[in-house]
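*Asks:* Next up, start25.cif (mmCIF, C-alpha atoms).
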data_work
loop_
_atom_site.label_atom_id
_atom_site.label_comp_id
_atom_site.auth_asym_id
_atom_site.auth_seq_id
_atom_site.Cartn_x
_atom_site.Cartn_y
_atom_site.Cartn_z
CA MET A 838 -77.82 -178.61 9.57
CA PRO A 839 -80.39 -176.07 10.82
CA GLN A 840 -79.11 -173.60 13.37
CA GLN A 841 -80.42 -174.26 16.86
CA LYS A 842 -82.78 -171.61 18.18
CA SER A 843 -81.63 -169.51 21.10
CA ASP A 844 -83.73 -169.47 24.26
CA TYR A 845 -84.88 -165.93 23.42
CA GLN A 846 -86.02 -167.13 19.99
CA ILE A 847 -87.90 -170.03 21.57
CA ALA A 848 -89.64 -167.62 23.95
CA GLN A 849 -90.37 -165.23 21.06
CA ASP A 850 -92.04 -168.03 19.06
CA LYS A 851 -94.16 -169.01 22.05
CA ILE A 852 -95.28 -165.44 22.73
CA LEU A 853 -96.06 -164.55 19.11
CA ASN A 854 -97.89 -167.83 18.45
CA SER A 855 -99.97 -167.18 21.52
CA ILE A 856 -100.84 -163.67 20.26
CA PHE A 857 -101.70 -164.81 16.73
CA ASN A 858 -103.82 -167.68 18.07
CA GLY A 859 -105.81 -165.20 20.15
CA GLU A 860 -104.87 -166.87 23.43
CA PHE A 861 -105.50 -164.47 26.28
CA ASP A 862 -105.00 -166.61 29.38
CA ILE A 863 -101.44 -167.19 30.50
CA ALA A 864 -100.23 -170.32 32.27
CA ASN A 865 -98.79 -169.90 35.76
CA ARG A 866 -100.70 -166.64 36.35
CA GLN A 867 -103.74 -168.13 38.07
CA ASN A 868 -103.83 -165.40 40.69
CA LEU A 869 -102.32 -162.37 38.96
CA GLY A 870 -103.91 -162.83 35.56
CA PRO A 871 -102.66 -161.85 32.08
CA LEU A 872 -102.57 -158.03 32.47
CA ILE A 873 -99.80 -155.85 33.88
CA PRO A 874 -99.76 -152.15 34.80
CA ILE A 875 -98.76 -149.93 31.87
CA ARG A 876 -95.96 -148.46 33.97
CA LEU A 877 -94.33 -151.90 34.15
CA PHE A 878 -94.37 -152.10 30.35
CA GLN A 879 -92.88 -148.60 30.26
CA VAL A 880 -90.13 -149.68 32.63
CA LEU A 881 -89.21 -152.46 30.19
CA ARG A 882 -89.48 -150.11 27.21
CA MET A 883 -87.89 -146.89 28.51
CA VAL A 884 -85.55 -148.29 31.14
CA ALA A 885 -84.51 -151.81 30.10
CA LEU A 886 -84.72 -151.02 26.37
CA GLY A 887 -84.04 -147.32 26.84
CA SER A 888 -81.80 -145.71 29.38
CA ASN A 889 -80.00 -148.98 30.26
CA VAL A 890 -79.22 -149.63 26.61
CA GLU A 891 -78.16 -146.00 26.29
CA ASP A 892 -75.72 -146.52 29.19
CA MET A 893 -74.02 -149.25 27.14
CA LEU A 894 -74.40 -147.94 23.60
CA GLY A 895 -74.73 -144.17 23.94
CA ASP A 896 -75.95 -142.70 20.66
CA GLY A 897 -76.27 -146.23 19.25
CA ALA A 898 -79.26 -146.91 21.51
CA PRO A 899 -82.03 -145.42 19.29
CA ALA A 900 -80.82 -147.51 16.35
CA LEU A 901 -81.03 -150.69 18.43
CA VAL A 902 -84.50 -149.78 19.70
CA TYR A 903 -85.67 -148.87 16.18
CA HIS A 904 -84.31 -152.14 14.82
CA SER A 905 -86.08 -154.10 17.58
CA GLY A 906 -89.36 -152.41 16.70
CA GLN A 907 -88.75 -153.02 13.02
CA GLY A 908 -88.24 -156.72 13.72
CA LEU A 909 -91.52 -156.93 15.57
CA GLY A 910 -93.29 -154.97 12.83
CA GLN A 911 -92.03 -157.41 10.23
CA VAL A 912 -93.20 -160.40 12.28
CA LEU A 913 -96.65 -158.85 12.77
CA GLY A 914 -96.81 -157.94 9.09
CA GLN A 915 -95.84 -161.44 7.99
CA ALA A 916 -98.53 -162.94 10.19
CA ILE A 917 -101.16 -160.75 8.55
CA ILE A 918 -100.06 -160.34 4.95
CA GLY A 919 -101.20 -163.81 3.92
CA GLU A 920 -104.78 -162.97 4.89
CA VAL A 921 -105.21 -159.65 3.07
CA ASP A 922 -104.92 -160.62 -0.61
CA ASN A 923 -102.34 -157.90 -1.21
CA ASN A 924 -104.87 -155.19 -0.31
CA PHE A 925 -103.14 -152.36 1.51
CA GLU A 926 -106.27 -150.97 3.17
CA THR A 927 -107.20 -154.38 4.57
CA TYR A 928 -103.62 -154.85 5.71
CA VAL A 929 -103.62 -151.54 7.61
CA ALA A 930 -107.06 -152.31 9.06
CA GLN A 931 -105.80 -155.66 10.37
CA ILE A 932 -102.75 -153.98 11.90
CA GLU A 933 -105.03 -151.37 13.51
CA GLN A 934 -107.12 -154.14 15.05
CA LEU A 935 -104.09 -155.99 16.33
CA CYS A 936 -102.59 -152.84 17.88
CA ARG A 937 -105.90 -152.07 19.57
CA LYS A 938 -106.23 -155.62 20.85
CA LEU A 939 -102.70 -155.55 22.26
CA SER A 940 -103.22 -152.02 23.64
CA ILE A 941 -100.17 -150.78 21.73
CA GLY A 942 -102.17 -147.72 20.69
CA LEU A 943 -104.94 -146.53 18.41
CA LEU A 944 -103.56 -146.40 14.88
CA VAL A 945 -105.07 -143.77 12.60
CA PRO A 946 -103.77 -143.37 9.03
CA GLU A 947 -103.32 -139.65 8.36
CA THR A 948 -101.66 -139.69 4.96
CA ILE A 949 -101.43 -142.52 2.48
CA ASP A 950 -99.71 -141.61 -0.76
CA LEU A 951 -98.98 -144.88 -2.48
CA LYS A 952 -97.61 -143.15 -5.56
CA ALA A 953 -95.04 -141.14 -3.64
CA GLY A 954 -94.47 -143.93 -1.12
CA VAL A 955 -95.16 -141.59 1.79
CA PHE A 956 -97.32 -142.50 4.76
CA GLU A 957 -98.24 -140.86 8.04
CA LEU A 958 -99.70 -142.90 10.83
CA ARG A 959 -100.97 -141.47 14.10
CA VAL A 960 -100.61 -143.55 17.24
CA ASP A 961 -103.10 -142.23 19.78
CA GLU A 962 -102.70 -143.38 23.39
CA CYS A 963 -99.26 -144.80 22.56
CA VAL A 964 -98.35 -147.43 25.16
CA SER A 965 -94.71 -146.36 25.35
CA CYS A 966 -95.03 -142.67 26.11
CA ALA A 967 -98.48 -142.28 27.71
CA GLY A 968 -98.18 -140.26 30.88
CA ILE A 969 -94.63 -139.14 30.08
CA ASP A 970 -93.71 -135.51 29.41
CA GLY A 971 -90.80 -133.13 29.53
CA VAL A 972 -88.62 -134.89 26.94
CA THR A 973 -86.73 -132.89 24.33
CA SER A 974 -87.16 -135.11 21.28
CA PRO A 975 -89.49 -137.94 20.20
CA ILE A 976 -88.86 -141.10 22.23
CA CYS A 977 -90.96 -143.76 20.50
CA HIS A 978 -88.18 -145.21 18.34
CA PHE A 979 -89.57 -148.69 18.92
CA GLU A 980 -92.98 -147.74 17.52
CA ALA A 981 -91.38 -145.90 14.58
CA GLY A 982 -89.38 -149.05 13.82
CA MET A 983 -92.50 -151.16 14.16
CA VAL A 984 -94.37 -149.04 11.62
CA GLY A 985 -91.31 -149.20 9.34
CA GLY A 986 -91.26 -152.99 9.64
CA ILE A 987 -94.98 -153.27 8.93
CA PHE A 988 -94.67 -151.22 5.72
CA LYS A 989 -91.44 -152.93 4.75
CA THR A 990 -93.17 -156.31 4.88
CA PHE A 991 -96.09 -155.19 2.73
CA PHE A 992 -94.09 -153.38 0.06
CA ASN A 993 -90.96 -155.53 0.27
CA GLN A 994 -88.96 -152.30 0.01
CA ASN A 995 -86.70 -150.33 2.31
CA VAL A 996 -88.59 -147.97 4.59
CA ARG A 997 -87.43 -145.02 6.65
CA ALA A 998 -89.86 -144.33 9.49
CA LYS A 999 -89.48 -141.36 11.78
CA GLU A 1000 -91.55 -140.10 14.65
CA THR A 1001 -92.37 -136.46 13.89
CA LYS A 1002 -94.77 -135.81 16.79
CA CYS A 1003 -94.66 -137.43 20.20
CA ASN A 1004 -97.14 -137.36 23.05
CA ALA A 1005 -94.21 -137.01 25.45
CA LEU A 1006 -93.34 -133.74 23.68
CA GLY A 1007 -96.84 -132.41 24.32
CA HIS A 1008 -98.38 -133.23 20.93
CA ASP A 1009 -101.24 -135.35 22.37
CA THR A 1010 -100.43 -138.08 19.85
CA CYS A 1011 -97.49 -139.78 18.21
CA LEU A 1012 -97.15 -139.25 14.46
CA ILE A 1013 -94.94 -141.55 12.47
CA GLN A 1014 -93.93 -140.74 8.94
CA ALA A 1015 -92.77 -143.59 6.75
CA ASN A 1016 -91.07 -143.22 3.36
CA LEU A 1017 -90.35 -146.00 0.93
CA TYR A 1018 -86.94 -145.74 -0.71
CA MET B 1220 -86.46 -120.94 -9.67
CA ASN B 1221 -85.36 -121.39 -6.09
CA LYS B 1222 -87.03 -124.78 -6.01
CA ILE B 1223 -85.14 -125.91 -9.09
CA THR B 1224 -81.85 -124.83 -7.58
CA SER B 1225 -82.62 -126.64 -4.37
CA ILE B 1226 -83.48 -129.93 -6.10
CA ASP B 1227 -80.41 -129.68 -8.30
CA SER B 1228 -78.12 -129.02 -5.38
CA ARG B 1229 -79.54 -131.98 -3.46
CA LYS B 1230 -79.02 -134.24 -6.46
CA SER B 1231 -75.52 -132.88 -6.81
CA SER B 1232 -74.81 -133.69 -3.15
CA VAL B 1233 -76.06 -137.23 -3.63
CA ASP B 1234 -73.83 -137.58 -6.67
CA GLU B 1235 -70.85 -136.26 -4.75
CA ILE B 1236 -71.48 -138.64 -1.86
CA ASP B 1237 -71.77 -141.46 -4.35
CA ASN B 1238 -68.49 -140.40 -5.96
CA ILE B 1239 -66.71 -140.49 -2.62
CA LEU B 1240 -68.07 -143.97 -1.90
CA ARG B 1241 -67.05 -145.10 -5.39
CA ASP B 1242 -63.50 -143.81 -4.85
CA LEU B 1243 -63.31 -145.71 -1.57
CA MET B 1244 -64.55 -148.84 -3.33
CA ASN B 1245 -61.66 -148.53 -5.78
CA LEU B 1246 -59.19 -149.20 -2.98
CA GLN B 1247 -57.72 -152.68 -2.94
CA GLY B 1248 -59.90 -155.11 -1.01
CA VAL B 1249 -62.75 -152.71 -0.21
CA THR B 1250 -66.03 -154.51 -0.92
CA ALA B 1251 -68.60 -152.10 0.51
CA ALA B 1252 -68.82 -148.45 1.46
CA ALA B 1253 -71.93 -147.15 3.19
CA VAL B 1254 -73.30 -144.10 4.94
CA VAL B 1255 -75.60 -144.86 7.87
CA ASP B 1256 -77.89 -142.37 9.60
CA LYS B 1257 -78.36 -142.02 13.35
CA ASP B 1258 -81.34 -144.40 13.33
CA GLY B 1259 -79.17 -147.11 11.80
CA LEU B 1260 -80.63 -146.85 8.31
CA VAL B 1261 -78.31 -147.03 5.33
CA THR B 1262 -78.74 -143.85 3.30
CA HIS B 1263 -76.08 -144.40 0.62
CA ILE B 1264 -74.24 -147.57 -0.29
CA ARG B 1265 -71.90 -149.02 -2.86
CA ARG B 1266 -71.08 -152.71 -2.59
CA ASN B 1267 -70.05 -155.62 -4.71
CA PHE B 1268 -71.82 -158.33 -2.72
CA GLU B 1269 -75.24 -158.77 -1.18
CA ILE B 1270 -75.60 -157.17 2.24
CA ASN B 1271 -78.53 -157.04 4.63
CA THR B 1272 -78.47 -153.25 4.80
CA ASP B 1273 -80.82 -153.07 7.81
CA ALA B 1274 -78.58 -155.35 9.85
CA LEU B 1275 -75.43 -153.54 8.70
CA GLY B 1276 -76.84 -150.12 9.57
CA VAL B 1277 -77.93 -150.98 13.07
CA SER B 1278 -74.68 -152.90 13.75
CA VAL B 1279 -72.66 -149.85 12.73
CA GLN B 1280 -74.49 -147.63 15.23
CA ILE B 1281 -74.40 -150.22 18.02
CA VAL B 1282 -70.70 -151.02 17.62
CA PHE B 1283 -69.67 -147.39 17.33
CA GLY B 1284 -71.90 -146.42 20.25
CA ALA B 1285 -70.39 -149.15 22.43
CA ALA B 1286 -66.85 -148.18 21.36
CA THR B 1287 -67.54 -144.54 22.20
CA LYS B 1288 -68.78 -145.58 25.65
CA ALA B 1289 -65.69 -147.76 26.16
CA ALA B 1290 -63.43 -144.85 25.13
CA GLY B 1291 -65.20 -142.68 27.68
CA HIS B 1292 -64.77 -145.30 30.44
CA VAL B 1293 -60.99 -145.26 29.93
CA LYS B 1294 -60.91 -141.47 29.55
CA HIS B 1295 -59.88 -141.53 25.90
CA ARG B 1296 -62.44 -138.87 24.97
CA ALA B 1297 -64.13 -139.35 21.56
CA ALA B 1298 -63.84 -142.48 19.44
CA ASN B 1299 -62.62 -141.43 16.00
CA ILE B 1300 -62.44 -144.69 14.09
CA VAL B 1301 -63.51 -148.21 15.05
CA ILE B 1302 -61.69 -151.03 13.28
CA CYS B 1303 -63.04 -154.60 13.51
CA GLU B 1304 -60.41 -157.13 12.50
CA ASN B 1305 -62.27 -160.23 11.38
CA SER B 1306 -61.17 -163.65 10.06
CA ASP B 1307 -61.96 -162.63 6.48
CA GLY B 1308 -61.38 -158.89 6.49
CA TYR B 1309 -61.97 -155.62 8.24
CA VAL B 1310 -64.87 -153.33 9.00
CA LEU B 1311 -63.98 -149.68 9.62
CA LEU B 1312 -66.41 -147.15 11.05
CA ALA B 1313 -66.05 -143.40 11.41
CA PRO B 1314 -68.49 -140.65 12.37
CA ILE B 1315 -69.32 -137.97 9.79
CA VAL B 1316 -71.67 -135.47 11.46
CA SER B 1317 -75.06 -135.40 13.25
CA GLY B 1318 -75.01 -139.14 13.90
CA PHE B 1319 -74.19 -140.09 10.30
CA MET B 1320 -71.47 -142.73 10.02
CA LEU B 1321 -69.23 -143.99 7.24
CA ALA B 1322 -68.68 -147.75 7.16
CA LEU B 1323 -66.17 -149.61 5.00
CA VAL B 1324 -66.05 -153.37 4.57
CA THR B 1325 -62.91 -154.99 3.20
CA GLU B 1326 -61.52 -158.40 2.34
CA ASP B 1327 -58.46 -159.67 4.19
CA ASP B 1328 -56.06 -158.57 1.41
CA ALA B 1329 -56.94 -154.90 1.94
CA LEU B 1330 -54.09 -152.63 2.97
CA LEU B 1331 -55.41 -151.52 6.33
CA GLY B 1332 -53.19 -148.45 6.61
CA ARG B 1333 -54.19 -147.22 3.18
CA VAL B 1334 -57.88 -147.82 3.77
CA ARG B 1335 -57.70 -146.09 7.14
CA PHE B 1336 -55.88 -143.12 5.59
CA GLU B 1337 -58.43 -142.75 2.78
CA LEU B 1338 -61.29 -143.10 5.26
CA LYS B 1339 -59.89 -140.22 7.28
CA GLU B 1340 -59.42 -138.18 4.11
CA ALA B 1341 -63.04 -138.80 3.05
CA ILE B 1342 -64.63 -137.67 6.31
CA PRO B 1343 -64.16 -133.86 5.94
CA SER B 1344 -65.58 -133.93 2.40
CA LEU B 1345 -68.58 -135.96 3.51
CA LYS B 1346 -69.04 -133.70 6.51
CA LYS B 1347 -69.26 -130.65 4.22
CA LEU B 1348 -71.85 -132.37 2.03
CA PHE B 1349 -74.01 -133.40 4.98
CA GLU B 1350 -73.83 -129.96 6.52
CA SER B 1351 -74.80 -128.21 3.29
#
Take the structure from the file and write it as structure tokens.

*Replies:*
Amino acid sequence: MPQQKSDYQIAQDKILNSIFNGEFDIANRQNLGPLIPIRLFQVLRMVALGSNVEDMLGDGAPALVYHSGQGLGQVLGQAIIGEVDNNFETYVAQIEQLCRKLSIGLLVPETIDLKAGVFELRVDECVSCAGIDGVTSPICHFEAGMVGGIFKTFFNQNVRAKETKCNALGHDTCLIQANLY
Amino acid sequence: MNKITSIDSRKSSVDEIDNILRDLMNLQGVTAAAVVDKDGLVTHIRRNFEINTDALGVSVQIVFGAATKAAGHVKHRAANIVICENSDGYVLLAPIVSGFMLALVTEDDALLGRVRFELKEAIPSLKKLFES
């Protein structure tokens, strides 16, 4: 007997289907429309899925956030991989387009070493940390996980992704390094 | 020459970590032994059944993080070992260093005291290897 979907899973399906179908208008937002201020997104990302999670899980919080991002990356990757004929460049280009369309950030591949299984991806104008400064270590664990999930889906291999530069640290961009292992 | 030494010593550390995990796996009822990094990624593992390593890694960090918070709330200072007693066995978690964790999975016939003792014995050796 198939396991019944949770309400969060039902909502997730609805949201992702809507994204993949290119639907922009949102029901029940006749007056306010489909866009929200970036600071509201950052509240959800850095407070709800950041400091609040940290209050409950302490040092376990980054792992949870990374895993959440990885899950999303895998879903995005799975939605795209069927259309790219196993071509990595096309796959990355499609991901770039999707991230731009969703205003996640501007993805720029910096290093692609397929032989060594090492990749570096810049995320300019990263939605999570734009306008944030004064932190002491990279804070975009969600985006690092997302990149990890995207590569994991394409290569069907374990991936370790780590943010090595972060806009919130003063680097003007976020740089995510991913290694296949 | 320095480069060669460095690569050799890293390989040797990996081998030593693997040896420690293998020794833990030799204990009665232990079915998996894994090292998890602070991001919840499994860096070393020995197991005799299929595991979703991503899910295991993140669970280890979440459970230990929550246990550490709970210990703090009741003024017990640091959490040293977390033991999950399940219907079909145990999961034991212990911190190594710098966010790295050791996780052991056992069947229900494992001798909990023995496994716990060996886990505690393994931590200082692992700590040395991760610090080197």

*Asks:* Evaluate the PyMOL selection byres ((chain B) within 8 of (chain A)) and record the selected residues as a ChimeraX atom specification, following the chain and residue labels used in the document.

*Replies:* /B:1257-1260,1273,1277,1280-1288,1318

*Asks:* Around (-64.1, -162.0, 7.6), as given in the file, which residues come within 12 Å? Count all atoms listed in the file and list them as a PDB file with C-alpha atoms, in the coordinates of the input.

*Replies:*
ATOM      1  CA  GLY B1248     -59.900-155.110  -1.010  1.00  0.00           C
ATOM      2  CA  THR B1250     -66.030-154.510  -0.920  1.00  0.00           C
ATOM      3  CA  CYS B1303     -63.040-154.600  13.510  1.00  0.00           C
ATOM      4  CA  GLU B1304     -60.410-157.130  12.500  1.00  0.00           C
ATOM      5  CA  ASN B1305     -62.270-160.230  11.380  1.00  0.00           C
ATOM      6  CA  SER B1306     -61.170-163.650  10.060  1.00  0.00           C
ATOM      7  CA  ASP B1307     -61.960-162.630   6.480  1.00  0.00           C
ATOM      8  CA  GLY B1308     -61.380-158.890   6.490  1.00  0.00           C
ATOM      9  CA  TYR B1309     -61.970-155.620   8.240  1.00  0.00           C
ATOM     10  CA  VAL B1310     -64.870-153.330   9.000  1.00  0.00           C
ATOM     11  CA  VAL B1324     -66.050-153.370   4.570  1.00  0.00           C
ATOM     12  CA  THR B1325     -62.910-154.990   3.200  1.00  0.00           C
ATOM     13  CA  GLU B1326     -61.520-158.400   2.340  1.00  0.00           C
ATOM     14  CA  ASP B1327     -58.460-159.670   4.190  1.00  0.00           C
ATOM     15  CA  ASP B1328     -56.060-158.570   1.410  1.00  0.00           C
ATOM     16  CA  ALA B1329     -56.940-154.900   1.940  1.00  0.00           C
TER      17      ALA B1329
END

*Asks:* Got a sec: who's within 12 Å of Arg1335 in chain B, counting all atoms listed in the file, leaving out chain neighbours fewer than 5 positions off, as a list of chain:residue names?

*Replies:* B:Leu1243, B:Leu1246, B:Val1249, B:Asn1299, B:Ile1300, B:Val1301, B:Ile1302, B:Cys1303, B:Tyr1309, B:Val1310, B:Leu1311, B:Leu1312, B:Ala1313, B:Leu1321, B:Ala1322, B:Leu1323, B:Val1324, B:Thr1325, B:Ala1329, B:Leu1330, B:Glu1340, B:Ala1341, B:Ile1342

*Asks:* With C-alpha atoms retained, could you export that selection as a PDB file, keeping the file's coordinate frame?

*Replies:*
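As a result, selection_23.pdb now contains:
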ATOM      1  CA  LEU B1243     -63.310-145.710  -1.570  1.00  0.00           C
ATOM      2  CA  LEU B1246     -59.190-149.200  -2.980  1.00  0.00           C
ATOM      3  CA  VAL B1249     -62.750-152.710  -0.210  1.00  0.00           C
ATOM      4  CA  ASN B1299     -62.620-141.430  16.000  1.00  0.00           C
ATOM      5  CA  ILE B1300     -62.440-144.690  14.090  1.00  0.00           C
ATOM      6  CA  VAL B1301     -63.510-148.210  15.050  1.00  0.00           C
ATOM      7  CA  ILE B1302     -61.690-151.030  13.280  1.00  0.00           C
ATOM      8  CA  CYS B1303     -63.040-154.600  13.510  1.00  0.00           C
ATOM      9  CA  TYR B1309     -61.970-155.620   8.240  1.00  0.00           C
ATOM     10  CA  VAL B1310     -64.870-153.330   9.000  1.00  0.00           C
ATOM     11  CA  LEU B1311     -63.980-149.680   9.620  1.00  0.00           C
ATOM     12  CA  LEU B1312     -66.410-147.150  11.050  1.00  0.00           C
ATOM     13  CA  ALA B1313     -66.050-143.400  11.410  1.00  0.00           C
ATOM     14  CA  LEU B1321     -69.230-143.990   7.240  1.00  0.00           C
ATOM     15  CA  ALA B1322     -68.680-147.750   7.160  1.00  0.00           C
ATOM     16  CA  LEU B1323     -66.170-149.610   5.000  1.00  0.00           C
ATOM     17  CA  VAL B1324     -66.050-153.370   4.570  1.00  0.00           C
ATOM     18  CA  THR B1325     -62.910-154.990   3.200  1.00  0.00           C
ATOM     19  CA  ALA B1329     -56.940-154.900   1.940  1.00  0.00           C
ATOM     20  CA  LEU B1330     -54.090-152.630   2.970  1.00  0.00           C
ATOM     21  CA  GLU B1340     -59.420-138.180   4.110  1.00  0.00           C
ATOM     22  CA  ALA B1341     -63.040-138.800   3.050  1.00  0.00           C
ATOM     23  CA  ILE B1342     -64.630-137.670   6.310  1.00  0.00           C
TER      24      ILE B1342
END

*Asks:* Centre and edge lengths of an axis-aligned box around all listed atoms of range 920-927 of chain A, with 6 Å added on each side, are to be given in Å to one decimal, as AutoDock Vina command-line options.

*Replies:*
--center_x -104.8 --center_y -157.0 --center_z 1.8 --size_x 16.9 --size_y 24.0 --size_z 18.1

*Asks:* Taking the file as shown, find all residues satisfying the PyMOL selection byres ((chain A and resi 936-952) around 10) and write them as a PyMOL selection string.

*Replies:* chain A and resi 856+859+875+913+925-926+929-935+953-965+967+980+1010-1017

*Asks:* Just give me the gap between CA of Ala1289 in chain B and CA of Thr1262 in chain B in Å, one decimal is fine.

*Replies:*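 Answer for the CA of Ala1289 in chain B to CA of Thr1262 in chain B separation: 26.6 Å.
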
*Asks:* From the list A:Asn854, A:Lys1002, A:Leu869, A:Arg882, which residue is nearest Ser974 in chain A when using all atoms listed in the file?

*Replies:*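 Ranked by minimum distance to Ser974 in chain A, first place goes to A:Lys1002.
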
*Asks:* Pick the closest to Met883 in chain A from A:Cys966, A:Cys1003, A:Ala981, A:Val972: which is it, counting all atoms listed in the file?

*Replies:*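 Comparing A:Cys966, A:Cys1003, A:Ala981, A:Val972 against Met883 in chain A, the winner is A:Cys966.
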